[in-house]
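Structure data follow from protein38.txt (compact mmCIF, C-alpha atoms):
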```txt
# COMPACT_ATOMS: atom_id res chain seq x y z
CA MET A 1451 0.00 0.00 0.00
CA MET A 1452 1.32 3.45 -0.86
CA THR A 1453 1.70 6.01 1.90
CA SER A 1454 2.87 9.60 1.54
CA PRO A 1455 4.26 10.90 -1.77
CA THR A 1456 7.61 11.55 -0.08
CA LEU A 1457 7.91 8.00 1.20
CA LEU A 1458 6.78 6.61 -2.12
CA ALA A 1459 9.36 8.69 -3.96
CA LEU A 1460 12.11 7.27 -1.75
CA LEU A 1461 10.90 3.73 -2.27
CA LEU A 1462 10.67 4.15 -6.02
CA ALA A 1463 14.09 5.75 -6.28
CA CYS A 1464 15.58 2.76 -4.47
CA GLN A 1465 13.79 0.34 -6.77
CA LYS A 1466 13.48 1.29 -10.43
CA GLY A 1467 16.54 3.51 -10.09
CA ALA A 1468 19.10 0.71 -9.72
CA PRO A 1469 22.76 1.77 -9.32
CA LEU A 1470 24.06 2.98 -12.67
CA PRO A 1471 27.27 4.54 -14.01
CA THR A 1472 27.82 8.17 -13.06
CA VAL A 1473 27.23 10.61 -15.92
CA GLN A 1474 28.08 14.24 -16.56
CA PRO A 1475 25.48 16.94 -17.31
CA ASP A 1476 24.08 16.89 -20.84
CA ASP A 1477 25.57 19.18 -23.47
CA THR A 1478 23.68 21.99 -25.18
CA ALA A 1479 20.60 20.85 -27.07
CA ALA A 1480 19.82 21.77 -30.66
CA ARG A 1481 16.32 22.22 -32.00
CA TRP A 1482 14.86 19.10 -33.58
CA ASP A 1483 13.92 21.07 -36.69
CA THR A 1484 17.49 22.29 -37.26
CA PRO A 1485 19.04 20.43 -40.22
CA PRO A 1486 21.05 18.39 -40.74
CA LEU A 1487 20.36 15.79 -38.05
CA GLU A 1488 23.66 14.58 -36.65
CA SER A 1489 24.66 12.82 -33.45
CA GLY A 1490 23.83 14.93 -30.40
CA LEU A 1491 21.17 16.21 -28.03
CA TYR A 1492 17.93 17.62 -29.45
CA THR A 1493 14.71 19.14 -28.17
CA LEU A 1494 11.26 19.20 -29.68
CA GLU A 1495 7.82 20.24 -28.54
CA HIS A 1496 5.24 17.51 -28.15
CA GLY A 1497 1.99 17.56 -26.23
CA GLY A 1498 2.71 21.04 -24.93
CA LEU A 1499 6.03 19.93 -23.41
CA GLU A 1500 9.62 20.57 -24.42
CA ARG A 1501 11.01 17.06 -24.86
CA GLU A 1502 14.60 15.92 -25.18
CA LEU A 1503 16.26 13.07 -27.02
CA ARG A 1504 19.75 11.95 -27.84
CA LEU A 1505 20.52 10.82 -31.36
CA HIS A 1506 23.37 8.75 -32.77
CA VAL A 1507 23.83 8.81 -36.53
CA PRO A 1508 26.74 6.81 -38.00
CA ALA A 1509 28.95 8.90 -40.28
CA ASP A 1510 28.32 6.66 -43.29
CA LEU A 1511 24.62 5.98 -42.68
CA GLN A 1512 22.76 4.92 -45.80
CA PRO A 1513 19.14 5.79 -46.65
CA GLY A 1514 16.72 3.06 -45.64
CA ALA A 1515 18.72 2.09 -42.55
CA PRO A 1516 17.05 0.62 -39.44
CA LEU A 1517 16.16 2.69 -36.37
CA LEU A 1518 16.64 1.55 -32.78
CA ILE A 1519 14.70 3.24 -29.95
CA VAL A 1520 16.43 2.84 -26.56
CA MET A 1521 14.51 3.92 -23.44
CA HIS A 1522 15.99 4.46 -19.99
CA GLY A 1523 14.74 3.24 -16.63
CA TYR A 1524 12.92 5.15 -13.92
CA THR A 1525 15.12 7.88 -12.32
CA SER A 1526 17.69 7.41 -15.10
CA SER A 1527 18.37 9.35 -18.31
CA ALA A 1528 18.88 9.06 -22.05
CA ARG A 1529 22.57 9.84 -21.64
CA THR A 1530 23.07 7.18 -18.99
CA ILE A 1531 21.56 4.36 -21.04
CA GLN A 1532 23.41 5.59 -24.12
CA ARG A 1533 26.68 5.12 -22.26
CA TYR A 1534 26.19 1.76 -20.58
CA THR A 1535 24.50 -0.09 -23.46
CA GLY A 1536 27.18 0.62 -26.05
CA PHE A 1537 24.63 0.78 -28.85
CA ASP A 1538 26.44 3.68 -30.57
CA ALA A 1539 29.41 1.45 -31.40
CA ILE A 1540 27.11 -1.36 -32.51
CA ALA A 1541 25.24 1.10 -34.74
CA ASP A 1542 28.50 2.26 -36.32
CA ALA A 1543 29.45 -1.35 -37.06
CA HIS A 1544 26.07 -2.39 -38.47
CA GLY A 1545 24.72 0.82 -39.99
CA PHE A 1546 21.63 1.95 -38.09
CA THR A 1547 20.44 5.05 -36.24
CA VAL A 1548 19.84 5.07 -32.48
CA VAL A 1549 17.47 7.44 -30.70
CA TYR A 1550 17.42 7.72 -26.91
CA PRO A 1551 14.23 9.52 -25.78
CA GLN A 1552 14.34 11.33 -22.44
CA GLY A 1553 11.38 10.81 -20.14
CA THR A 1554 9.61 13.62 -18.33
CA GLN A 1555 9.67 14.25 -14.58
CA ASP A 1556 7.00 12.81 -12.35
CA ARG A 1557 5.60 14.66 -9.34
CA TRP A 1558 8.61 13.52 -7.28
CA GLY A 1559 11.07 14.95 -9.81
CA GLN A 1560 12.13 11.58 -11.21
CA ALA A 1561 12.49 10.83 -14.93
CA PHE A 1562 10.03 8.27 -16.29
CA PHE A 1563 8.01 7.07 -19.26
CA ASN A 1564 4.27 7.05 -18.76
CA VAL A 1565 3.11 3.44 -18.86
CA GLY A 1566 0.28 3.80 -16.36
CA TYR A 1567 1.95 3.00 -13.03
CA ASP A 1568 -0.25 3.32 -9.96
CA GLY A 1569 0.07 6.69 -8.26
CA PHE A 1570 1.50 8.43 -11.34
CA ASP A 1571 -1.28 10.91 -11.99
CA THR A 1572 -0.20 12.12 -15.42
CA ASP A 1573 -1.41 12.37 -18.98
CA VAL A 1574 2.04 12.64 -20.58
CA ASP A 1575 1.78 11.14 -24.07
CA ASP A 1576 4.98 9.13 -24.39
CA ARG A 1577 3.52 6.85 -27.05
CA GLY A 1578 2.81 9.90 -29.17
CA PHE A 1579 6.27 11.27 -28.42
CA VAL A 1580 7.92 8.09 -29.68
CA ARG A 1581 5.72 8.09 -32.77
CA ALA A 1582 6.70 11.69 -33.49
CA LEU A 1583 10.38 10.75 -33.27
CA VAL A 1584 9.98 7.84 -35.66
CA GLU A 1585 7.97 9.84 -38.18
CA HIS A 1586 10.44 12.72 -38.16
CA LEU A 1587 13.44 10.44 -38.57
CA GLY A 1588 11.63 8.70 -41.38
CA SER A 1589 11.33 11.97 -43.28
CA THR A 1590 14.76 13.42 -42.44
CA LEU A 1591 17.08 10.40 -42.34
CA GLN A 1592 14.94 8.11 -44.49
CA VAL A 1593 15.01 5.33 -41.89
CA ASP A 1594 13.24 2.16 -42.94
CA PRO A 1595 9.69 2.28 -41.49
CA ASP A 1596 9.63 -1.53 -41.51
CA ALA A 1597 12.84 -1.77 -39.47
CA VAL A 1598 12.03 0.23 -36.33
CA PHE A 1599 12.89 -1.59 -33.11
CA ALA A 1600 12.45 -0.79 -29.41
CA THR A 1601 14.35 -1.78 -26.31
CA GLY A 1602 14.71 -0.36 -22.83
CA MET A 1603 15.70 -0.97 -19.24
CA SER A 1604 13.06 -1.51 -16.54
CA ASN A 1605 10.55 1.35 -17.05
CA GLY A 1606 11.91 1.61 -20.60
CA GLY A 1607 11.32 -2.12 -21.01
CA ASP A 1608 7.75 -1.70 -19.78
CA MET A 1609 7.37 1.05 -22.38
CA SER A 1610 8.62 -1.31 -25.07
CA TYR A 1611 5.86 -3.78 -24.22
CA LEU A 1612 3.30 -0.98 -24.31
CA LEU A 1613 4.43 -0.04 -27.81
CA ALA A 1614 4.18 -3.67 -28.93
CA CYS A 1615 0.66 -3.90 -27.54
CA ARG A 1616 -0.74 -0.64 -28.88
CA ASP A 1617 1.64 0.62 -31.56
CA ALA A 1618 2.64 -2.51 -33.43
CA ASP A 1619 2.29 -0.55 -36.67
CA LEU A 1620 5.25 1.52 -35.46
CA VAL A 1621 7.71 -1.05 -34.08
CA GLN A 1622 8.72 -4.22 -35.85
CA ALA A 1623 10.07 -6.02 -32.76
CA ILE A 1624 10.96 -5.35 -29.12
CA ALA A 1625 13.64 -6.51 -26.68
CA PRO A 1626 13.04 -5.30 -23.10
CA VAL A 1627 15.59 -5.80 -20.34
CA ALA A 1628 14.18 -6.23 -16.81
CA GLY A 1629 10.76 -5.18 -18.08
CA SER A 1630 7.26 -6.55 -17.78
CA MET A 1631 3.66 -6.00 -18.81
CA LEU A 1632 1.35 -4.24 -16.40
CA ALA A 1633 -1.93 -6.09 -16.03
CA HIS A 1634 -3.86 -3.20 -17.55
CA TYR A 1635 -1.96 -3.70 -20.83
CA LEU A 1636 -4.09 -6.78 -21.39
CA ASP A 1637 -7.19 -4.59 -21.62
CA ASP A 1638 -5.99 -3.43 -25.02
CA CYS A 1639 -3.19 -5.68 -26.25
CA ALA A 1640 -4.29 -7.19 -29.54
CA PRO A 1641 -1.77 -6.25 -32.22
CA ALA A 1642 -2.99 -6.84 -35.75
CA ARG A 1643 0.20 -8.74 -36.54
CA ARG A 1644 2.73 -10.99 -34.86
CA VAL A 1645 5.42 -9.12 -32.91
CA PRO A 1646 8.86 -10.67 -32.31
CA VAL A 1647 9.78 -10.34 -28.63
CA MET A 1648 13.02 -10.87 -26.74
CA GLU A 1649 13.34 -10.40 -22.97
CA VAL A 1650 16.48 -10.41 -20.80
CA HIS A 1651 15.60 -10.86 -17.14
CA GLY A 1652 17.37 -11.83 -13.92
CA THR A 1653 15.70 -14.52 -11.85
CA GLU A 1654 16.66 -12.62 -8.67
CA ASP A 1655 15.53 -9.20 -9.90
CA ASP A 1656 14.32 -7.43 -6.76
CA VAL A 1657 12.62 -4.59 -8.63
CA THR A 1658 10.78 -6.09 -11.59
CA PHE A 1659 10.19 -9.46 -10.01
CA TRP A 1660 10.67 -12.57 -12.14
CA ALA A 1661 7.52 -13.92 -10.51
CA GLY A 1662 5.61 -10.71 -11.22
CA ASP A 1663 3.51 -8.79 -8.73
CA MET A 1664 -0.14 -9.40 -9.47
CA ASP A 1665 -0.97 -8.44 -5.86
CA ASN A 1666 0.72 -5.05 -6.36
CA THR A 1667 2.88 -5.34 -3.26
CA GLY A 1668 5.43 -2.95 -4.80
CA GLY A 1669 2.95 -0.17 -5.52
CA TRP A 1670 3.64 0.11 -9.26
CA GLY A 1671 0.43 -1.63 -10.22
CA ALA A 1672 -0.14 -5.32 -10.86
CA TYR A 1673 2.22 -6.78 -13.43
CA LEU A 1674 2.74 -10.21 -14.96
CA ALA A 1675 5.39 -12.81 -14.17
CA THR A 1676 8.17 -12.99 -16.74
CA GLU A 1677 7.10 -16.44 -17.91
CA ASP A 1678 3.49 -15.30 -18.23
CA VAL A 1679 4.59 -12.37 -20.39
CA MET A 1680 6.41 -14.81 -22.65
CA ALA A 1681 3.37 -17.10 -22.73
CA PHE A 1682 1.20 -14.20 -23.88
CA TRP A 1683 3.44 -13.47 -26.86
CA VAL A 1684 4.00 -17.14 -27.66
CA THR A 1685 0.23 -17.53 -27.95
CA HIS A 1686 -0.21 -14.29 -29.86
CA ASN A 1687 2.55 -15.22 -32.32
CA ASP A 1688 1.19 -18.77 -32.74
CA LEU A 1689 4.43 -20.52 -31.83
CA ASP A 1690 4.54 -24.27 -31.33
CA GLN A 1691 8.26 -25.08 -31.11
CA LEU A 1692 10.55 -24.65 -28.08
CA GLU A 1693 14.26 -25.13 -27.63
CA GLU A 1694 16.23 -24.48 -24.45
CA THR A 1695 19.97 -23.84 -24.32
CA GLN A 1696 22.31 -23.04 -21.47
CA LEU A 1697 24.76 -20.45 -22.75
CA PRO A 1698 28.52 -20.60 -22.05
CA ASP A 1699 29.66 -19.43 -18.61
CA LEU A 1700 31.35 -16.10 -19.38
CA ASP A 1701 32.15 -15.16 -15.79
CA ALA A 1702 33.35 -18.04 -13.62
CA ARG A 1703 33.64 -15.71 -10.62
CA ASP A 1704 29.91 -15.70 -10.02
CA ASP A 1705 27.27 -18.37 -9.61
CA SER A 1706 25.22 -17.07 -12.51
CA ARG A 1707 24.39 -18.70 -15.85
CA VAL A 1708 22.09 -17.72 -18.70
CA THR A 1709 19.44 -20.03 -20.10
CA LEU A 1710 17.94 -19.15 -23.46
CA ARG A 1711 14.44 -20.32 -24.24
CA ARG A 1712 13.41 -19.80 -27.85
CA TRP A 1713 9.87 -20.32 -29.10
CA TRP A 1714 9.45 -20.46 -32.85
CA SER A 1715 7.37 -21.76 -35.72
CA THR A 1716 8.12 -23.52 -38.97
CA GLU A 1717 5.49 -21.31 -40.63
CA HIS A 1718 6.82 -17.78 -39.97
CA PRO A 1719 9.85 -15.97 -38.46
CA GLU A 1720 8.22 -13.99 -35.61
CA GLU A 1721 9.72 -15.77 -32.63
CA VAL A 1722 9.97 -15.15 -28.87
CA ARG A 1723 13.16 -15.42 -26.83
CA LEU A 1724 13.76 -15.34 -23.08
CA TYR A 1725 17.27 -14.96 -21.72
CA GLY A 1726 16.85 -16.00 -18.10
CA VAL A 1727 19.85 -14.81 -16.10
CA GLU A 1728 19.98 -17.30 -13.24
CA GLY A 1729 20.91 -15.41 -10.10
CA GLY A 1730 20.86 -12.12 -11.99
CA GLY A 1731 19.38 -8.95 -10.54
CA HIS A 1732 17.97 -5.68 -11.87
CA GLU A 1733 20.77 -5.19 -14.37
CA TRP A 1734 21.71 -4.79 -18.02
CA PRO A 1735 24.07 -7.75 -18.52
CA GLY A 1736 27.28 -6.62 -20.14
CA GLY A 1737 26.42 -2.99 -19.44
CA PHE A 1738 26.27 -2.90 -15.65
CA GLY A 1739 26.01 -5.70 -13.12
CA ASN A 1740 25.92 -9.22 -14.52
CA ALA A 1741 28.65 -10.16 -17.01
CA GLU A 1742 27.25 -13.48 -18.25
CA LEU A 1743 25.75 -11.96 -21.40
CA GLU A 1744 26.46 -9.09 -23.77
CA ALA A 1745 22.82 -8.06 -23.82
CA SER A 1746 23.22 -5.23 -26.32
CA GLU A 1747 24.94 -7.46 -28.87
CA GLU A 1748 22.28 -10.14 -28.40
CA ILE A 1749 19.52 -7.57 -28.82
CA TRP A 1750 20.87 -6.23 -32.09
CA GLY A 1751 21.51 -9.77 -33.33
CA PHE A 1752 17.85 -10.53 -32.66
CA PHE A 1753 16.60 -7.38 -34.37
CA GLU A 1754 18.89 -7.80 -37.35
CA GLY A 1755 17.05 -10.99 -38.22
CA PHE A 1756 14.01 -8.86 -39.08
CA VAL A 1757 15.79 -6.42 -41.39
CA ASP A 1758 15.15 -7.09 -45.08
```
Reformat the file's structure so that it appears as structure tokens.
Amino acid sequence: MMTSPTLLALLLACQKGAPLPTVQPDDTAARWDTPPLESGLYTLEHGGLERELRLHVPADLQPGAPLLIVMHGYTSSARTIQRYTGFDAIADAHGFTVVYPQGTQDRWGQAFFNVGYDGFDTDVDDRGFVRALVEHLGSTLQVDPDAVFATGMSNGGDMSYLLACRDADLVQAIAPVAGSMLAHYLDDCAPARRVPVMEVHGTEDDVTFWAGDMDNTGGWGAYLATEDVMAFWVTHNDLDQLEETQLPDLDARDDSRVTLRRWWSTEHPEEVRLYGVEGGGHEWPGGFGNAELEASEEIWGFFEGFVD
């Protein structure tokens, strides 16, 4: 049960705001409508708010390249997730654009994306914000509208699921890390097409519980267990094959291993993957915390399979 806003703010900051690398203040932002679009910090107005985003554009980017949307966790920032995920270097190597949207501040002054958490009395339109980013990049950088992908950490992972549920015309596939689906998503989660889904999740995550929180003990709102989230998308994508693989032990110093479960079909390519990090916490493996998986490399490898 939630108590005072001050106490709730402290609890939330300790939870969704897991320890992350220290970052420096952002540099000066340019207007979104100032050509040409190059790597840097930009602002645009959406929904009556001045919104920020960070953009990475490889120097030799070709027209028709994919677009990756990377969304930070609660209390975090676009710059922080840009640094610890390493997606800029991956984009340079594989030829795609990366956009890092910045959330707005909640009533406790913490950065977040509006996914409908309990106690967050707000009408911030983050789905519309993301759509505006994609549409603008489509017209200015000629990104491929059929190769737009979304990932994110924690709150950003929850946002990825929300986009898959309600904006599947916008994103081709998603790959949340330490994310889940709030129970209210199921009220309106019927994409008109199959959506490839990949989740990376620690079995000992003490923020976004592996077992979910349908009783809402954490105060965020009821949300599904990780395996139930996968089951939803397995059913939606009409998948009837399953293979399970224990990945190589990359860090013998810990007691952690990663098990990959892959659901697929012989009829179509839209699969579901779950990287279960046994003993892993609320972390981005390979970015901060667990070192048993290079999550960012795995995510792009997954997405790349859906680029024509």
For each of A:Asp1596, A:Glu1747, A:Glu1754, A:Asp1699, take the minimum atom-to-atom distance to Ala1618 (chain A), counting only C-alpha atoms, then give the residue where this is smallest.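 Smallest separation from Ala1618 (chain A) among the options: A:Asp1596.
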Step by step, gather every atom of region 1678-1684 of chain A that the file lists, find the box along x, y and z that holds them, add 4 Å on each side, and finally give centre and edge lengths in Å to one decimal, as lines of an AutoDock Vina configuration file.
```
center_x = 3.8
center_y = -14.8
center_z = -22.9
size_x = 13.2
size_y = 12.8
size_z = 17.4
```
Within 12 Å of (-1.9, 5.1, -10.5), all atoms listed in the file: residues as a ChimeraX atom specification? /A:1451-1452,1556,1564-1573,1632,1634,1666,1669-1672
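Nearest to Val1507 (chain A) of all the residues A:Thr1525, A:Gln1592, A:Thr1535, A:Thr1493 is A:Gln1592, based on only C-alpha atoms.
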For Val1727 (chain A): contacts at 9 Å, only C-alpha atoms, fewer than 5 positions along chain excluded, given as a PyMOL selection string: chain A and resi 1650-1654+1706-1710+1735+1740+1742-1743
Using Å and a single decimal, report how far CA of Leu1505 (chain A) sits from CA of Glu1488 (chain A).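 So the answer is 7.2 Å.
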Rounded to one decimal in Å, what is the spacing between CA of Glu1649 (chain A) and CA of Ile1519 (chain A)? 15.4 Å
Enter the distance from CA of Pro1595 (chain A) to CA of Leu1518 (chain A), in Å, rounded to one decimal.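 Distance between the two atoms: 11.2 Å.
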Compare A:Ala1597, A:Leu1724, A:Met1664, A:Ala1582 by their minimum atom-to-atom distance to Ala1633 (chain A), counting only C-alpha atoms, and give me the closest one. A:Met1664
Neighbour list for Asp1510 (chain A) as a PyMOL selection string, cut-off 12 Å, only C-alpha atoms, skip fewer than 6 positions in-chain: chain A and resi 1488+1541-1547+1591
Which residues, written as a ChimeraX atom specification, have at least one atom at most 9 Å from region 1684-1697 of chain A, with only C-alpha atoms counted and residues fewer than 2 positions away on the same chain left out? /A:1640-1641,1643-1647,1679-1682,1699-1700,1707-1718,1720-1722,1742-1743
Nearest candidate to Met1521 (chain A) (options A:Gly1731, A:Gly1668, A:Gly1739, A:Gly1553; using only C-alpha atoms):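 That would be A:Gly1553, the residue with the smallest distance to Met1521 (chain A).
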Please list as a list in words every residue within 10 Å of Gly1737 (chain A), counting only C-alpha atoms and excluding residues in the same chain fewer than 2 positions away.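 So the residues in contact are Leu1470, Pro1471, Ile1531, Arg1533, Tyr1534, Thr1535, Gly1536, Glu1733, Trp1734, Pro1735, Gly1739, Asn1740, Ala1741, Leu1743, Glu1744, Ala1745 and Ser1746 of chain A.
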Mind writing the picked residues with C-alpha atoms as a PDB file, in the coordinates of the input?
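The new file selection-v5.pdb reads:
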```pdb
ATOM      1  CA  LEU A1470      24.060   2.980 -12.670  1.00  0.00           C
ATOM      2  CA  PRO A1471      27.270   4.540 -14.010  1.00  0.00           C
ATOM      3  CA  ILE A1531      21.560   4.360 -21.040  1.00  0.00           C
ATOM      4  CA  ARG A1533      26.680   5.120 -22.260  1.00  0.00           C
ATOM      5  CA  TYR A1534      26.190   1.760 -20.580  1.00  0.00           C
ATOM      6  CA  THR A1535      24.500  -0.090 -23.460  1.00  0.00           C
ATOM      7  CA  GLY A1536      27.180   0.620 -26.050  1.00  0.00           C
ATOM      8  CA  GLU A1733      20.770  -5.190 -14.370  1.00  0.00           C
ATOM      9  CA  TRP A1734      21.710  -4.790 -18.020  1.00  0.00           C
ATOM     10  CA  PRO A1735      24.070  -7.750 -18.520  1.00  0.00           C
ATOM     11  CA  GLY A1739      26.010  -5.700 -13.120  1.00  0.00           C
ATOM     12  CA  ASN A1740      25.920  -9.220 -14.520  1.00  0.00           C
ATOM     13  CA  ALA A1741      28.650 -10.160 -17.010  1.00  0.00           C
ATOM     14  CA  LEU A1743      25.750 -11.960 -21.400  1.00  0.00           C
ATOM     15  CA  GLU A1744      26.460  -9.090 -23.770  1.00  0.00           C
ATOM     16  CA  ALA A1745      22.820  -8.060 -23.820  1.00  0.00           C
ATOM     17  CA  SER A1746      23.220  -5.230 -26.320  1.00  0.00           C
TER      18      SER A1746
END
```
Nearest to Phe1563 (chain A) by atom-to-atom distance, counting all atoms listed in the file, from A:Leu1587, A:Leu1494, A:Leu1612, A:Val1548: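 Ranked by minimum distance to Phe1563 (chain A), first place goes to A:Leu1612.
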Tell me which of A:Asp1701, A:Asp1575, A:Glu1677, A:Glu1585 sits closest to Gly1629 (chain A), counting only C-alpha atoms. A:Glu1677
Excluding Ser1610 (chain A) and residues on its chain fewer than 5 positions from it, collect all residues at most 9 Å away from it, counting all atoms listed in the file, and give them as an mmCIF file with C-alpha atoms, in the frame of the given file.
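New file out-v2.cif:
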```cif
data_model
loop_
_atom_site.group_PDB
_atom_site.id
_atom_site.type_symbol
_atom_site.label_atom_id
_atom_site.label_comp_id
_atom_site.auth_asym_id
_atom_site.auth_seq_id
_atom_site.Cartn_x
_atom_site.Cartn_y
_atom_site.Cartn_z
ATOM 1 C CA VAL A 1520 16.430 2.840 -26.560
ATOM 2 C CA MET A 1521 14.510 3.920 -23.440
ATOM 3 C CA ALA A 1600 12.450 -0.790 -29.410
ATOM 4 C CA THR A 1601 14.350 -1.780 -26.310
ATOM 5 C CA GLY A 1602 14.710 -0.360 -22.830
ATOM 6 C CA ASN A 1605 10.550 1.350 -17.050
ATOM 7 C CA CYS A 1615 0.660 -3.900 -27.540
ATOM 8 C CA ILE A 1624 10.960 -5.350 -29.120
ATOM 9 C CA ALA A 1625 13.640 -6.510 -26.680
ATOM 10 C CA PRO A 1626 13.040 -5.300 -23.100
ATOM 11 C CA GLY A 1629 10.760 -5.180 -18.080
#
```
